[in-house]
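Asker: What follows is entry-v4.cif; its format and atoms are mmCIF, C-alpha atoms and all ligand atoms.
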data_protein
loop_
_atom_site.label_atom_id
_atom_site.label_comp_id
_atom_site.auth_asym_id
_atom_site.auth_seq_id
_atom_site.Cartn_x
_atom_site.Cartn_y
_atom_site.Cartn_z
CA MET V 753 -57.76 28.47 148.23
CA ASN V 754 -57.21 28.72 144.52
CA PRO V 755 -58.55 32.16 143.45
CA THR V 756 -59.69 30.77 140.07
CA ALA V 757 -62.10 28.54 141.95
CA LEU V 758 -64.13 31.58 143.01
CA THR V 759 -67.36 32.19 141.16
CA ASN V 760 -68.51 35.65 140.00
CA ASN V 761 -70.28 36.34 143.26
CA GLY V 762 -67.21 35.43 145.25
CA LEU V 763 -68.45 32.09 146.49
CA TYR V 764 -66.09 29.18 146.57
CA LYS V 765 -66.88 26.72 143.83
CA ALA V 766 -66.05 23.18 144.88
CA PRO V 767 -63.99 21.28 142.34
CA LYS V 768 -65.78 18.44 140.60
CA SER V 769 -65.71 15.47 142.91
CA GLU V 770 -63.98 12.34 141.79
CA PHE V 771 -64.14 8.76 142.83
CA MET V 772 -61.10 6.57 143.19
CA ILE V 773 -60.30 3.07 144.24
CA ILE V 774 -57.25 1.94 146.13
CA PHE V 775 -56.51 -1.76 146.04
CA VAL V 776 -54.97 -3.11 149.21
CA SER V 777 -53.77 -6.54 150.26
CA ALA V 778 -56.54 -7.38 152.68
CA ASN V 779 -57.96 -10.71 153.69
CA LEU V 780 -61.74 -10.94 153.19
CA LYS V 781 -62.26 -13.26 156.15
CA LYS V 782 -60.39 -10.89 158.42
CA ILE V 783 -62.40 -7.87 157.22
CA LEU V 784 -65.63 -9.82 157.83
CA GLN V 785 -64.48 -10.83 161.27
CA LEU V 786 -63.19 -7.44 162.45
CA LYS V 787 -65.86 -5.30 160.70
CA GLU V 788 -65.27 -1.57 161.44
CA LYS V 789 -62.19 -2.49 163.46
CA PHE V 790 -60.31 -3.83 160.45
CA PRO V 791 -57.08 -1.79 160.14
CA TRP V 792 -57.57 -0.33 156.67
CA PRO V 793 -54.57 1.73 155.62
CA ARG V 794 -55.24 5.45 155.43
CA PRO V 795 -53.93 7.16 152.30
CA LYS V 796 -51.27 9.66 153.35
CA ILE V 797 -52.15 12.02 150.53
CA CYS V 798 -55.17 12.46 148.28
CA PRO V 799 -54.44 10.59 145.02
CA ASN V 800 -56.30 13.30 143.10
CA CYS V 801 -55.05 16.65 144.42
CA LYS V 802 -52.16 15.45 146.64
CA SER V 803 -53.62 17.23 149.65
CA HIS V 804 -52.18 15.96 152.91
CA LYS V 805 -55.44 15.56 154.76
CA VAL V 806 -57.66 12.62 153.97
CA TRP V 807 -60.62 12.01 156.24
CA GLY V 808 -62.57 8.91 157.09
CA HIS V 809 -65.84 8.76 155.14
CA GLY V 810 -67.67 5.82 156.67
CA PHE V 811 -68.12 2.40 155.21
CA LEU V 812 -69.73 0.84 152.21
CA LEU V 813 -71.28 -2.60 152.08
CA ALA V 814 -69.70 -4.65 149.29
CA TYR V 815 -70.44 -8.18 148.16
CA PHE V 816 -68.01 -10.88 147.13
CA ASP V 817 -68.56 -14.48 146.00
CA GLU V 818 -66.51 -15.71 148.93
CA SER V 819 -68.95 -14.40 151.53
CA ASN V 820 -72.70 -14.79 151.97
CA SER V 821 -73.05 -11.47 153.73
CA GLY V 822 -71.96 -7.99 152.75
CA ILE V 823 -68.53 -6.84 153.84
CA LEU V 824 -67.85 -3.38 155.27
CA ILE V 825 -65.37 -1.53 153.11
CA ARG V 826 -63.63 1.65 154.31
CA ARG V 827 -64.04 4.92 152.51
CA TYR V 828 -62.06 8.11 152.80
CA ARG V 829 -62.73 11.58 151.51
CA CYS V 830 -60.48 14.47 150.63
CA PRO V 831 -61.94 17.71 152.07
CA ASP V 832 -60.02 19.81 149.51
CA CYS V 833 -61.21 18.28 146.25
CA SER V 834 -64.13 16.12 147.51
CA THR V 835 -62.66 12.98 146.01
CA VAL V 836 -64.08 9.86 147.61
CA ILE V 837 -61.50 7.11 147.96
CA ARG V 838 -62.80 3.60 148.25
CA MET V 839 -60.70 0.71 149.49
CA ARG V 840 -60.90 -2.60 147.69
CA PRO V 841 -59.18 -5.92 148.42
CA ALA V 842 -56.49 -6.69 145.86
CA GLY V 843 -57.41 -9.64 143.66
CA TYR V 844 -60.84 -8.21 142.82
CA LEU V 845 -61.93 -5.88 140.07
CA ALA V 846 -64.01 -2.79 140.68
CA ARG V 847 -67.73 -3.70 140.71
CA PHE V 848 -67.19 -7.45 140.20
CA GLN V 849 -68.00 -9.90 143.00
CA ALA V 850 -65.91 -12.73 141.60
CA SER V 851 -62.16 -12.66 142.08
CA ILE V 852 -59.81 -12.04 139.15
CA LYS V 853 -58.58 -15.63 139.60
CA THR V 854 -62.10 -17.04 139.27
CA ILE V 855 -62.91 -14.97 136.18
CA ARG V 856 -59.62 -16.04 134.61
CA SER V 857 -60.38 -19.73 135.31
CA SER V 858 -63.74 -19.33 133.62
CA ILE V 859 -62.19 -17.69 130.53
CA ALA V 860 -59.48 -20.39 130.40
CA SER V 861 -62.05 -23.19 130.67
CA LYS V 862 -64.11 -21.71 127.83
CA VAL V 863 -61.05 -21.22 125.61
CA ILE V 864 -59.22 -24.47 126.34
CA LYS V 865 -62.01 -26.95 127.09
CA GLN V 866 -64.85 -25.19 125.25
CA ARG V 867 -67.02 -25.34 128.34
CA TRP V 868 -67.96 -23.10 131.25
CA LEU V 869 -66.91 -23.85 134.80
CA PRO V 870 -69.58 -26.17 136.25
CA VAL V 871 -69.53 -24.50 139.68
CA LEU V 872 -70.51 -21.06 138.47
CA ASN V 873 -73.62 -19.54 136.98
CA ARG V 874 -73.39 -19.81 133.21
CA THR V 875 -74.93 -16.42 132.49
CA ARG V 876 -72.29 -14.67 134.56
CA GLN V 877 -69.50 -16.52 132.78
CA GLN V 878 -70.96 -15.65 129.37
CA HIS V 879 -71.17 -12.03 130.49
CA TRP V 880 -67.48 -12.01 131.44
CA PHE V 881 -66.42 -13.70 128.23
CA ARG V 882 -68.43 -11.38 125.96
CA GLY V 883 -67.11 -8.40 127.88
CA LEU V 884 -63.55 -9.59 127.34
CA VAL V 885 -64.08 -10.24 123.61
CA ARG V 886 -65.51 -6.73 123.18
CA ARG V 887 -62.64 -5.13 125.04
CA ALA V 888 -60.01 -7.18 123.23
CA LYS V 889 -61.50 -6.13 119.86
CA ALA V 890 -61.64 -2.48 120.90
CA PHE V 891 -58.21 -2.20 122.48
CA LEU V 892 -56.09 -4.98 121.02
CA GLY V 893 -57.52 -5.61 117.57
CA ASP V 894 -58.47 -8.79 115.76
CA THR V 895 -55.13 -10.54 116.11
CA TRP V 896 -56.01 -11.33 119.72
CA LYS V 897 -59.19 -13.16 118.75
CA GLU V 898 -57.69 -16.59 119.25
CA ASN V 899 -56.03 -15.86 122.52
CA MET V 900 -58.52 -14.58 125.05
CA VAL V 901 -56.56 -15.82 128.08
CA LYS V 902 -53.55 -13.85 126.89
CA ALA V 903 -55.78 -10.82 126.29
CA PHE V 904 -57.17 -11.18 129.82
CA ASP V 905 -53.67 -11.26 131.31
CA HIS V 906 -52.64 -8.30 129.18
CA PHE V 907 -55.47 -6.15 130.58
CA VAL V 908 -54.78 -7.20 134.16
CA THR V 909 -51.07 -6.45 133.79
CA HIS V 910 -51.94 -3.01 132.46
CA LYS V 911 -54.35 -2.42 135.35
CA MET V 912 -57.40 -2.36 133.09
CA ASN V 913 -60.57 -4.24 133.93
CA PRO V 914 -60.59 -7.04 131.30
CA VAL V 915 -64.32 -7.80 131.39
CA THR V 916 -66.13 -4.54 132.04
CA ARG V 917 -68.78 -3.37 129.58
CA SER V 918 -68.05 0.20 130.46
CA PHE V 919 -66.02 2.16 127.95
CA LYS V 920 -65.90 5.17 130.19
CA PRO V 921 -62.46 5.53 131.70
CA GLU V 922 -62.29 3.46 134.85
CA PRO V 923 -61.87 5.38 138.06
CA CYS V 924 -58.20 5.65 138.86
CA SER V 925 -56.91 2.67 140.72
CA PHE V 926 -53.92 2.56 142.95
CA GLN V 927 -52.15 -0.26 144.63
CA MET V 928 -51.24 0.47 148.19
CA GLU V 929 -49.48 -1.72 150.70
CA PRO V 930 -51.25 -2.02 154.04
CA THR V 931 -49.69 0.04 156.79
CA GLU V 932 -50.37 -0.20 160.48
CA GLU V 933 -51.75 3.02 161.93
ZN ZN Q 1 -58.00 15.83 147.05
#
Rewrite the coordinates I just gave you, this time as structure tokens.
Ligand SMILES: [Zn+2]
Answerer:
Amino acid sequence: MNPTALTNNGLYKAPKSEFMIIFVSANLKKILQLKEKFPWPRPKICPNCKSHKVWGHGFLLAYFDESNSGILIRRYRCPDCSTVIRMRPAGYLARFQASIKTIRSSIASKVIKQRWLPVLNRTRQQHWFRGLVRRAKAFLGDTWKENMVKAFDHFVTHKMNPVTRSFKPEPCSFQMEPTEE
């Protein structure tokens, strides 16, 4: 135990808990089919404090456009720093139900054809586009104004959510290859 983590009365003060996302190559259909039995990879070390024990922390129900029902997503927790690690299928952004590919198609349709994708709710598409414009202005400046698809790709390449309204730093995201337990 780190002695500086002790409070005046000698009690152990838990470090501030964090929340992290690990993106893994995982097939949605397979997760839906196998439910709790889906072989999620277990992080070998805590991405926050590098502790070598990471415990299972139940499941979370997440929703994606590709499925009508919620999908059980594995969570882990580090007992040393209380960080909760949430798995997420690669190809999706944190907190967005549409895939990155779908959002990109919508942005491209708006930019190139000046119309929204007919198969998707217009309000959602407007929300994504406005989010992207705001982020491009804030992070890339006005020169990107004419090239929103390029701006989108730039954010994705740099592991930044291109369409989020949140200007708080995103929870740390890691890419992890699936491993068989
Ligand atoms: Zn930790």
Asker: As an exercise, work out the distance from atom CA of V:Phe790 to atom CA of V:Ser851 in Å and give it to one decimal place.
Answerer: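 So the answer is 20.5 Å.
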Asker: Could you tell me how far atom CA of V:Ala778 sits from atom CA of V:Ala903, in Å to one decimal place?
Answerer: 26.6 Å
Asker: Report, in Å with one decimal, the straight-line distance from atom CA of V:Arg826 to atom CA of V:Arg917.
Answerer: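 We find that atom CA of V:Arg826 and atom CA of V:Arg917 lie 25.8 Å from each other.
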Asker: Name the residues, by chain letter and number, that sit within 9 Å of ligand ZN 1 (chain Q) using all atoms listed in the file, and give them as a ChimeraX atom specification.
Answerer: /V:769-770,797-806,829-836
Asker: With C-alpha atoms retained, write the just-selected residues as a compact mmCIF listing (two decimals), keeping the file's coordinate frame.
Answerer:
# COMPACT_ATOMS: atom_id res chain seq x y z
CA SER V 769 -65.71 15.47 142.91
CA GLU V 770 -63.98 12.34 141.79
CA ILE V 797 -52.15 12.02 150.53
CA CYS V 798 -55.17 12.46 148.28
CA PRO V 799 -54.44 10.59 145.02
CA ASN V 800 -56.30 13.30 143.10
CA CYS V 801 -55.05 16.65 144.42
CA LYS V 802 -52.16 15.45 146.64
CA SER V 803 -53.62 17.23 149.65
CA HIS V 804 -52.18 15.96 152.91
CA LYS V 805 -55.44 15.56 154.76
CA VAL V 806 -57.66 12.62 153.97
CA ARG V 829 -62.73 11.58 151.51
CA CYS V 830 -60.48 14.47 150.63
CA PRO V 831 -61.94 17.71 152.07
CA ASP V 832 -60.02 19.81 149.51
CA CYS V 833 -61.21 18.28 146.25
CA SER V 834 -64.13 16.12 147.51
CA THR V 835 -62.66 12.98 146.01
CA VAL V 836 -64.08 9.86 147.61
Asker: Fewer than 3 positions away in the same chain doesn't count, so skip those; otherwise give me all residues within 12 Å of V:His906, counting all atoms listed in the file, as a list in words.
Answerer: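 With the cut-off at 12 Å, the set is Arg856, Leu884, Arg887, Ala888, Phe891, Leu892, Trp896, Asn899, Met900, Val901, Lys902, Ala903, Thr909, His910, Lys911, Met912, Asn913, Pro914 and Val915 of chain V.
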Asker: Extract, using all atoms listed in the file, all DNA, RNA and protein residues at most 9 Å from stretch 813-815 of chain V, discarding same-chain residues fewer than 2 positions from it, and format them as a VMD selection string.
Answerer: chain V and resid 811 817 to 825 847 to 849
Asker: List as number ranges by chain the residues having at least one atom at most 12 Å from position (-61.0, -22.1, 125.2) as given in the file, counting all atoms listed in the file.
Answerer: V: 856-869, 881, 897-902
